[in-house]
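What follows is one structure encoded as structure tokens, with my remarks underneath.
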Amino acid sequence: MPDKPSQATNGPAQAADAMGGTAGVPVKTADAVGGTAGVPVQAADSPERWRQVRAVLTANRPELSRIAAGLYPGLLRVGSTDLLTRDEWLPDAPLGLDDLPLAWVEQPPSPALDLTGPVSAHVRPVDEAGGRYASYAGAVAALDRPGLFENRPCYRLLGAALAGPRALRLTRTSYFAGMELGHSVAHELAAAWAESQDGLSMAALPLRSLAGDPCALERRLSLCAVTTLTLRRAAGGEASFVLHWRDPAKVNHAGGMYQVMPVGLFQPATSAAAAVPHDLSLWKCMAREFSEEFLGTSEDYQTTGGLLDYGRWPFYRRLTQARRAGTLALFCLGTGVDPVTFATDVLTVAVFDGAEFDAAFGGLVALNAEGRVITGGRAEGIPFTEDTVARLVDGAEPMQASGAALLQLAWRHRHHLLG
């Protein structure tokens, strides 16, 4: 099972003390530091205090996930987890990956909120000139930049239909634009929680209130990740998997949490305009993430004219041949939204026959660019059992909501997945 993480703070009062304030007492008014008049003071104004709020978020992510999910009592969740979803996002049975078409939208709707103005000023710290950073992403880049932080092109998810007529509707965005709302509302939540003694309501979260339903994807620039549970199926039918511990020093999202693997933002391999249609494929994204997370390869690929030639990439050819031979099967189990950051995940499962897994990932790394690979001390990985799934889903370990949801769905559909 996973190694134990560092200890979180013991609730709001301790978190507030860690930030240099007293729970429930505002620490500094916006006007006192040259900010926007009337801006709520729950999120810190100085760079130092802003970084402390981010540390509170990282240290207390599981608790904040539970609280954030509770702010949406009218929304469906995936099983007993915190992941928010909709009926049409959950198929009755696993879908083959090739049975989920992708539909491109050339002229998408604009997001509902303008995050450059006063509505988000309270989560943007004061800059050296006495004003506020123009964006949350800009503040991260200047004040708390993780090892991986690039403004690369990404696919924006506009809608998902996995029950009935199926399709994922997509268009283009960029990472910095897509992260802005989600990381801002997460910061607002952590700051308000750290100063609260009596729990939270939407009244204390003005930006989150304005954002509305996190599952209304067309209202925002919704980044989506392809989140994959990789199962190694032994000859006797039993299965195992590996986990990823996401290093807070390396990643901008969900640092300090465990996650299934591989997981990656759905994005082209390069910034070339021609790569956007070329890489519009869940499978191409998954193959790159298998290489990067399992084998530790770079995300900078040799390309021609900005395009990765997948047909000439031996690793991609190997996995594609395994799909044709039936030793690798790919499924989609649903879509969901993280209640803290609004990160949106397409939930997939890859089932490898044991021999195929061992051959493809004989060079499985212990460390990669985003964190640690967790095998539970076993060459074949962590046993995929009811007890293991329950432990990870029920909060015994700090597991991301999407990973917990995917494990629970995979266990529910295990007979379909494993045969």
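In the structure tokens, chains take the letters A, B, ... in the order shown, each chain's residues start at 1, and ligands count up from 1 in the order shown.
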
Give me, as CSV, each residue of range 199-253 of chain A that comes within 10 Å of range 107-112 of chain A, together with its shortest interatomic pair and the distance in Å at one decimal, counting only C-alpha atoms, with rows ordered by chain and rising residue number.
residue,atom,partner,partner_atom,distance
A:Leu210,CA,A:Ala112,CA,9.1
A:Ala211,CA,A:Ala112,CA,7.9
A:Gly212,CA,A:Ala112,CA,9.7
A:Leu217,CA,A:Pro111,CA,9.2
A:Glu218,CA,A:Pro109,CA,6.6
A:Arg219,CA,A:Pro111,CA,4.9
A:Arg220,CA,A:Pro111,CA,4.5
A:Leu221,CA,A:Pro111,CA,6.2
A:Ser222,CA,A:Pro111,CA,9.3

Store the residues of this selection in a file with C-alpha atoms, as an mmCIF file, in the first residue's frame.
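As a result, part_12.cif now contains:
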data_model
loop_
_atom_site.group_PDB
_atom_site.id
_atom_site.type_symbol
_atom_site.label_atom_id
_atom_site.label_comp_id
_atom_site.auth_asym_id
_atom_site.auth_seq_id
_atom_site.Cartn_x
_atom_site.Cartn_y
_atom_site.Cartn_z
ATOM 1 C CA LEU A 210 -20.561 33.160 -9.288
ATOM 2 C CA ALA A 211 -19.021 30.163 -11.053
ATOM 3 C CA GLY A 212 -22.217 28.161 -10.530
ATOM 4 C CA LEU A 217 -18.828 22.806 -18.794
ATOM 5 C CA GLU A 218 -19.757 25.353 -21.444
ATOM 6 C CA ARG A 219 -19.731 28.122 -18.821
ATOM 7 C CA ARG A 220 -15.982 27.857 -18.245
ATOM 8 C CA LEU A 221 -12.700 26.945 -19.910
ATOM 9 C CA SER A 222 -12.746 23.341 -18.809
#

*asked:* Can you pull out every residue from range 66-175 of chain A that DSSP, working from the backbone, puts in strand (DSSP E), and format the result as a list of chain:residue names?
replied: A:Leu76, A:Arg77, A:Leu84, A:Thr85, A:Leu95, A:Gly96, A:Leu102, A:Ala103, A:Trp104, A:Pro153, A:Cys154, A:Tyr155, A:Arg156, A:Leu157, A:Leu158, A:Gly159, A:Ala160, A:Ala161, A:Ala167, A:Leu168, A:Arg169, A:Leu170, A:Thr171, A:Arg172, A:Thr173, A:Ser174

Written selection (N, CA and C atoms) as an mmCIF file, in the first residue's frame:
data_model
loop_
_atom_site.group_PDB
_atom_site.id
_atom_site.type_symbol
_atom_site.label_atom_id
_atom_site.label_comp_id
_atom_site.auth_asym_id
_atom_site.auth_seq_id
_atom_site.Cartn_x
_atom_site.Cartn_y
_atom_site.Cartn_z
ATOM 1 N N LEU A 76 -25.069 15.115 -8.644
ATOM 2 C CA LEU A 76 -24.755 13.694 -8.534
ATOM 3 C C LEU A 76 -23.262 13.511 -8.302
ATOM 4 N N ARG A 77 -22.920 12.480 -7.505
ATOM 5 C CA ARG A 77 -21.517 12.110 -7.320
ATOM 6 C C ARG A 77 -21.304 10.703 -7.848
ATOM 7 N N LEU A 84 -17.870 14.932 -8.745
ATOM 8 C CA LEU A 84 -19.171 15.373 -9.234
ATOM 9 C C LEU A 84 -19.388 14.869 -10.658
ATOM 10 N N THR A 85 -20.631 14.549 -10.979
ATOM 11 C CA THR A 85 -20.902 14.007 -12.305
ATOM 12 C C THR A 85 -22.349 14.286 -12.702
ATOM 13 N N LEU A 95 -17.495 1.458 -21.812
ATOM 14 C CA LEU A 95 -17.458 1.660 -23.258
ATOM 15 C C LEU A 95 -16.070 1.325 -23.776
ATOM 16 N N GLY A 96 -15.992 0.645 -24.900
ATOM 17 C CA GLY A 96 -14.706 0.526 -25.568
ATOM 18 C C GLY A 96 -14.228 1.905 -25.980
ATOM 19 N N LEU A 102 -15.048 11.714 -30.752
ATOM 20 C CA LEU A 102 -14.698 13.076 -30.354
ATOM 21 C C LEU A 102 -15.235 14.034 -31.400
ATOM 22 N N ALA A 103 -15.976 15.044 -30.953
ATOM 23 C CA ALA A 103 -16.582 16.016 -31.866
ATOM 24 C C ALA A 103 -15.929 17.375 -31.648
ATOM 25 N N TRP A 104 -15.434 17.972 -32.726
ATOM 26 C CA TRP A 104 -14.730 19.244 -32.629
ATOM 27 C C TRP A 104 -15.698 20.413 -32.825
ATOM 28 N N PRO A 153 -0.837 24.412 -25.294
ATOM 29 C CA PRO A 153 -2.207 24.235 -25.806
ATOM 30 C C PRO A 153 -2.864 23.020 -25.159
ATOM 31 N N CYS A 154 -4.149 23.122 -24.931
ATOM 32 C CA CYS A 154 -4.925 22.034 -24.340
ATOM 33 C C CYS A 154 -6.265 21.945 -25.065
ATOM 34 N N TYR A 155 -6.907 20.800 -24.913
ATOM 35 C CA TYR A 155 -8.263 20.643 -25.404
ATOM 36 C C TYR A 155 -9.235 21.025 -24.292
ATOM 37 N N ARG A 156 -10.232 21.791 -24.653
ATOM 38 C CA ARG A 156 -11.277 22.221 -23.718
ATOM 39 C C ARG A 156 -12.496 21.323 -23.908
ATOM 40 N N LEU A 157 -12.977 20.739 -22.835
ATOM 41 C CA LEU A 157 -14.168 19.885 -22.909
ATOM 42 C C LEU A 157 -15.419 20.741 -22.762
ATOM 43 N N LEU A 158 -16.282 20.683 -23.758
ATOM 44 C CA LEU A 158 -17.525 21.461 -23.756
ATOM 45 C C LEU A 158 -18.726 20.640 -23.306
ATOM 46 N N GLY A 159 -18.652 19.341 -23.490
ATOM 47 C CA GLY A 159 -19.778 18.502 -23.109
ATOM 48 C C GLY A 159 -19.419 17.041 -23.288
ATOM 49 N N ALA A 160 -20.115 16.191 -22.547
ATOM 50 C CA ALA A 160 -19.878 14.751 -22.611
ATOM 51 C C ALA A 160 -21.208 14.022 -22.618
ATOM 52 N N ALA A 161 -21.329 13.056 -23.490
ATOM 53 C CA ALA A 161 -22.501 12.178 -23.532
ATOM 54 C C ALA A 161 -21.985 10.755 -23.654
ATOM 55 N N ALA A 167 -20.539 11.072 -27.326
ATOM 56 C CA ALA A 167 -19.534 11.971 -27.897
ATOM 57 C C ALA A 167 -18.935 12.811 -26.788
ATOM 58 N N LEU A 168 -17.679 13.167 -26.972
ATOM 59 C CA LEU A 168 -17.045 14.227 -26.200
ATOM 60 C C LEU A 168 -16.900 15.415 -27.140
ATOM 61 N N ARG A 169 -17.440 16.556 -26.731
ATOM 62 C CA ARG A 169 -17.366 17.769 -27.534
ATOM 63 C C ARG A 169 -16.197 18.603 -27.054
ATOM 64 N N LEU A 170 -15.308 18.966 -27.965
ATOM 65 C CA LEU A 170 -14.047 19.597 -27.588
ATOM 66 C C LEU A 170 -13.740 20.789 -28.470
ATOM 67 N N THR A 171 -12.915 21.672 -27.918
ATOM 68 C CA THR A 171 -12.363 22.785 -28.670
ATOM 69 C C THR A 171 -10.991 23.085 -28.082
ATOM 70 N N ARG A 172 -10.414 24.219 -28.428
ATOM 71 C CA ARG A 172 -9.054 24.527 -27.985
ATOM 72 C C ARG A 172 -9.051 25.536 -26.840
ATOM 73 N N THR A 173 -8.044 25.455 -25.992
ATOM 74 C CA THR A 173 -7.753 26.474 -24.993
ATOM 75 C C THR A 173 -6.267 26.355 -24.677
ATOM 76 N N SER A 174 -5.825 27.009 -23.602
ATOM 77 C CA SER A 174 -4.438 26.882 -23.159
ATOM 78 C C SER A 174 -4.443 26.533 -21.679
#

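For the pair CA of Thr348 in chain A and CA of Ala379 in chain A, the interatomic distance is 23.1 Å.
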
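Here the question is which of A:Ala69, A:Ala177, A:Ala273, A:Leu143 gets nearest to Gly305 in chain A using only C-alpha atoms, and that residue is A:Ala273.
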
Name the residues in contact with Ser240 in chain A at a cut-off of 6 Å, using only C-alpha atoms, excluding same-chain residues fewer than 3 positions from it; report them as a CSV table (one decimal) with C-alpha atoms, in the first residue's frame.
chain,number,residue,atom,x,y,z
A,231,LEU,CA,-4.7,-3.2,-14.5
A,232,ARG,CA,-2.3,-6.0,-14.9
A,381,GLY,CA,1.8,-4.0,-8.2
A,382,ILE,CA,-0.9,-3.5,-5.6
A,383,PRO,CA,-3.6,-6.2,-5.5
A,384,PHE,CA,-6.9,-5.1,-7.1

Item checked: Non-local contacts of range 326-331 of chain A (8 Å; only C-alpha atoms; under 3 positions in same chain excluded) as a ChimeraX atom specification -> /A:94-97,319,322-323,348-353,356,417

Shell around range 278-280 of chain A at 8 Å using only C-alpha atoms, local window under 6 positions removed, as a list in words |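 Close residues of range 278-280 of chain A: Leu102, Gln267, Pro268, Ala269 and Leu307 of chain A.
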
What separates CA of Glu180 in chain A and CA of Asp45 in chain A is a distance of 17.4 Å

Residues of range 88-251 of chain A classed as helix (DSSP H, G or I) by DSSP on the backbone are to be reported as a PyMOL selection string. chain A and resi 88-89+97-99+118-123+136-143+175-195+202-204+206-211+217-219

Quiz item: Given the choices A:Ser209, A:Leu407, A:Ala366, A:Ala390, which gets closest to Tyr72 in chain A if the distance is worked out from only C-alpha atoms?
Solution: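 Looking only at the distances to Tyr72 in chain A, the closest residue turns out to be A:Ser209.
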
TODO: One decimal, Å: what's the distance from CA of Met261 in chain A over to CA of Thr228 in chain A, could you say?
DONE: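 Taking CA of Met261 in chain A as the start and CA of Thr228 in chain A as the end point, the length is 5.6 Å.
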
* To do: Compare A:Val123, A:Ala186, A:Ala93, A:Ala194 by their minimum atom-to-atom distance to Pro47 in chain A, counting only C-alpha atoms, and give me the closest one.
  =>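 Using only C-alpha atoms, Pro47 in chain A sits closest to A:Val123.
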
Q | Among the residues A:Pro262, A:Gly182, A:Pro62, A:Gly79, the one that comes closest to Cys285 in chain A [using only C-alpha atoms] | A |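 Nearest to Cys285 in chain A: A:Pro262.
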
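Minimum distance to Ala355 in chain A across A:Val140, A:Leu392, A:Ala234, A:Ala192 (counting only C-alpha atoms) occurs at A:Ala234.
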
- Query: What's the 12 Å shell around Leu75 in chain A, counting only C-alpha atoms, without same-chain residues fewer than 6 positions away, as an MDAnalysis selection string?
  - Reply: chainID A and resid 68:69 82:87 212:216 336:337 339
